[in-house]
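Dropping model08.txt in here (compact mmCIF, C-alpha atoms):
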```txt
# COMPACT_ATOMS: atom_id res chain seq x y z
CA MET A 1 -134.27 -129.27 -163.91
CA ARG A 2 -136.44 -127.06 -166.09
CA ILE A 3 -135.15 -126.97 -169.68
CA SER A 4 -136.00 -124.94 -172.77
CA ILE A 5 -135.03 -126.03 -176.26
CA SER A 6 -132.27 -124.31 -178.20
CA LYS A 7 -133.33 -123.39 -181.73
CA ASN A 8 -129.77 -122.40 -182.63
CA ARG A 9 -129.03 -125.22 -185.09
CA SER A 10 -127.43 -123.55 -188.11
CA SER A 11 -127.01 -126.89 -189.89
CA LEU A 12 -130.76 -127.44 -190.18
CA GLU A 13 -132.67 -126.73 -193.37
CA SER A 14 -135.84 -124.65 -193.37
CA GLY A 15 -138.17 -127.67 -193.62
CA ASP A 16 -136.66 -129.50 -190.65
CA GLY A 17 -138.78 -129.34 -187.54
CA TYR A 18 -138.81 -129.49 -183.77
CA PHE A 19 -141.13 -132.10 -182.31
CA VAL A 20 -142.08 -133.96 -179.15
CA LEU A 21 -141.43 -137.70 -179.49
CA SER A 22 -143.05 -140.24 -177.17
CA ARG A 23 -141.19 -143.24 -175.81
CA ASP A 24 -143.81 -145.63 -177.23
CA VAL A 25 -143.60 -144.20 -180.75
CA PHE A 26 -139.82 -144.21 -180.58
CA PHE A 27 -139.48 -147.85 -179.57
CA ASP A 28 -142.20 -148.93 -182.03
CA HIS A 29 -140.42 -147.25 -184.97
CA VAL A 30 -136.69 -147.00 -184.21
CA ASP A 31 -134.13 -148.76 -186.36
CA ILE A 32 -132.70 -150.67 -183.41
CA GLU A 33 -129.40 -151.43 -185.19
CA ASP A 34 -128.86 -147.74 -185.85
CA PHE A 35 -129.84 -146.85 -182.27
CA GLU A 36 -127.50 -149.39 -180.68
CA CYS A 37 -124.55 -148.97 -183.06
CA ARG A 38 -122.79 -146.58 -180.68
CA LYS A 39 -123.45 -148.61 -177.53
CA SER A 40 -126.13 -146.19 -176.41
CA SER A 41 -127.94 -148.93 -174.50
CA MET A 42 -125.65 -148.59 -171.45
CA ILE A 43 -124.85 -145.03 -170.51
CA GLU A 44 -123.84 -143.07 -167.45
CA PRO A 45 -126.66 -141.11 -165.75
CA ALA A 46 -125.21 -137.69 -166.61
CA TYR A 47 -125.55 -135.03 -169.27
CA HIS A 48 -122.65 -134.14 -171.55
CA GLN A 49 -121.89 -130.43 -171.42
CA ASN A 50 -122.05 -130.28 -175.25
CA TRP A 51 -125.75 -131.19 -175.12
CA PHE A 52 -126.53 -127.66 -173.92
CA GLU A 53 -126.10 -124.32 -175.63
CA ALA A 54 -126.48 -122.60 -172.29
CA GLU A 55 -127.03 -124.17 -168.89
CA THR A 56 -130.77 -124.67 -169.45
CA MET A 57 -130.96 -124.61 -173.28
CA PHE A 58 -130.93 -128.19 -174.54
CA LEU A 59 -129.77 -129.18 -178.03
CA PRO A 60 -132.19 -131.97 -179.06
CA PRO A 61 -131.14 -135.09 -180.94
CA ILE A 62 -131.54 -134.96 -184.74
CA MET A 63 -133.38 -137.83 -186.43
CA TYR A 64 -134.99 -138.78 -189.72
CA PHE A 65 -137.22 -141.47 -191.18
CA LYS A 66 -135.74 -144.01 -193.59
CA ASP A 67 -137.89 -146.87 -194.87
CA GLY A 68 -140.42 -146.16 -192.12
CA LYS A 69 -137.83 -146.39 -189.32
CA ILE A 70 -136.38 -143.68 -187.10
CA ARG A 71 -132.65 -143.21 -187.67
CA PHE A 72 -130.15 -140.82 -186.14
CA ILE A 73 -127.96 -137.99 -187.33
CA ASN A 74 -126.87 -137.51 -183.70
CA GLY A 75 -128.19 -137.88 -180.18
CA ARG A 76 -128.36 -141.62 -179.50
CA HIS A 77 -126.99 -141.19 -175.96
CA ARG A 78 -129.26 -138.20 -175.23
CA THR A 79 -132.26 -140.20 -176.38
CA ALA A 80 -131.37 -143.31 -174.38
CA LEU A 81 -130.68 -141.29 -171.25
CA LEU A 82 -133.83 -139.17 -171.44
CA PHE A 83 -136.15 -142.10 -172.18
CA ASP A 84 -134.87 -143.75 -168.98
CA TYR A 85 -136.60 -140.90 -167.12
CA LEU A 86 -139.21 -139.30 -169.41
CA THR A 87 -142.12 -140.45 -171.56
CA GLU A 88 -141.67 -137.59 -174.05
CA ILE A 89 -138.55 -135.83 -175.28
CA PRO A 90 -137.78 -132.94 -177.62
CA VAL A 91 -136.24 -133.90 -180.97
CA VAL A 92 -135.48 -132.49 -184.39
CA PHE A 93 -136.60 -134.40 -187.47
CA LEU A 94 -135.28 -133.74 -190.95
CA SER A 95 -137.94 -132.75 -193.45
CA ALA A 96 -139.59 -135.40 -195.61
CA ASP A 97 -137.72 -134.17 -198.68
CA ALA A 98 -134.30 -133.89 -196.98
CA SER A 99 -132.76 -136.54 -199.23
CA ARG A 100 -132.15 -135.43 -202.80
CA PHE A 101 -132.49 -139.06 -203.82
CA ALA A 102 -135.93 -139.70 -202.28
CA SER A 103 -138.75 -140.57 -204.66
CA THR A 104 -142.07 -138.75 -204.52
CA MET A 105 -143.60 -141.82 -202.87
CA GLU A 106 -140.86 -141.90 -200.19
CA ILE A 107 -141.36 -138.19 -199.48
CA GLU A 108 -145.13 -138.66 -199.12
CA ARG A 109 -144.70 -141.68 -196.84
CA THR A 110 -142.19 -139.85 -194.64
CA GLN A 111 -144.46 -136.81 -194.40
CA MET A 112 -147.33 -139.09 -193.37
CA LEU A 113 -145.17 -140.55 -190.57
CA LEU A 114 -144.11 -137.09 -189.40
CA ASP A 115 -147.74 -135.93 -189.31
CA ARG A 116 -149.11 -139.07 -187.67
CA LEU A 117 -146.45 -139.92 -185.09
CA LEU A 118 -144.95 -136.62 -183.93
CA THR A 119 -146.30 -133.57 -182.12
CA PRO A 120 -144.90 -130.20 -183.24
CA LEU A 121 -142.98 -128.56 -180.42
CA ASP A 122 -144.59 -125.44 -178.98
CA VAL A 123 -141.90 -122.74 -178.93
CA HIS A 124 -142.76 -121.91 -175.32
CA LYS A 125 -142.73 -125.50 -174.05
CA TYR A 126 -140.42 -126.39 -171.21
CA PHE A 127 -139.35 -129.87 -170.17
CA ASP A 128 -138.68 -131.08 -166.66
CA PHE A 129 -135.51 -133.09 -167.11
CA PRO A 130 -134.13 -135.20 -164.27
CA THR A 131 -131.52 -133.47 -162.16
CA LEU A 132 -128.27 -135.13 -163.20
CA PRO A 133 -124.68 -133.89 -163.28
CA ILE A 134 -123.46 -132.06 -166.39
CA VAL A 135 -119.99 -133.35 -167.24
CA ASP A 136 -117.34 -133.37 -169.96
CA PHE A 137 -116.92 -136.99 -171.08
CA SER A 138 -113.90 -136.28 -173.28
```
Spit out the file's structure as structure tokens when you get a sec.
Amino acid sequence: MRISISKNRSSLESGDGYFVLSRDVFFDHVDIEDFECRKSSMIEPAYHQNWFEAETMFLPPIMYFKDGKIRFINGRHRTALLFDYLTEIPVVFLSADASRFASTMEIERTQMLLDRLLTPLDVHKYFDFPTLPIVDFS
């Protein structure tokens, strides 16, 4: 299933970015409590229809760094499902200065992690997702 990435995320700020995240980086840096808090470790092998803007335009999970760990705004299930099949997935990360309460040192550290661990997403990149059913879980 060939997928492009939807850039239609009106809630994002201008400094937030689209990236490619590797499975190894994710599992080395994820806040495991945050990742597993919604029981995303056991999921059905299917896509939720709300994960797509159009049939082949995927809405990536939104993440951020906090204290050097990857945390989620949304997309725990998408992430768990895709990493069962892929070594790299598309994601959105909030900018280093997304928190109004972050110190200069926290902003610099977060920017360093973004630069070192993530690959900016090429606007023309496609992903070959596994062919799974698209369903409405509600």
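Separating atom CA of A:Asp24 from atom CA of A:Asp84 is a distance of 12.3 Å.
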Q. Atom CA of A:Leu132 to atom CA of A:Pro45: how many Å, to one decimal?
A. 6.7 Å
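The smallest atom-to-atom distance between A:Ile43 and any of A:Arg116, A:Arg23, A:Ile107, A:Phe137, using all atoms listed in the file, is found for A:Phe137.
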Q.
So that I can check the surroundings of A:Phe19, please list as number ranges by chain every protein, DNA and RNA residue that reaches within 9 Å of it, counting all atoms listed in the file and ignoring chain neighbours fewer than 2 positions away.
A. A: 17, 21, 89-93, 118-122
Q: Please provide the set of residues having any atom within 9 Å of A:Ser95, restricted to all atoms listed in the file, with same-chain residues fewer than 5 positions apart removed, written as number ranges by chain.
A: A: 13-17, 64, 107, 110-111, 114
Q | Shortest interatomic distance to A:Lys69 - which of A:Lys7, A:Arg2, A:Arg109, A:Lys125, counting only C-alpha atoms | A | A:Arg109
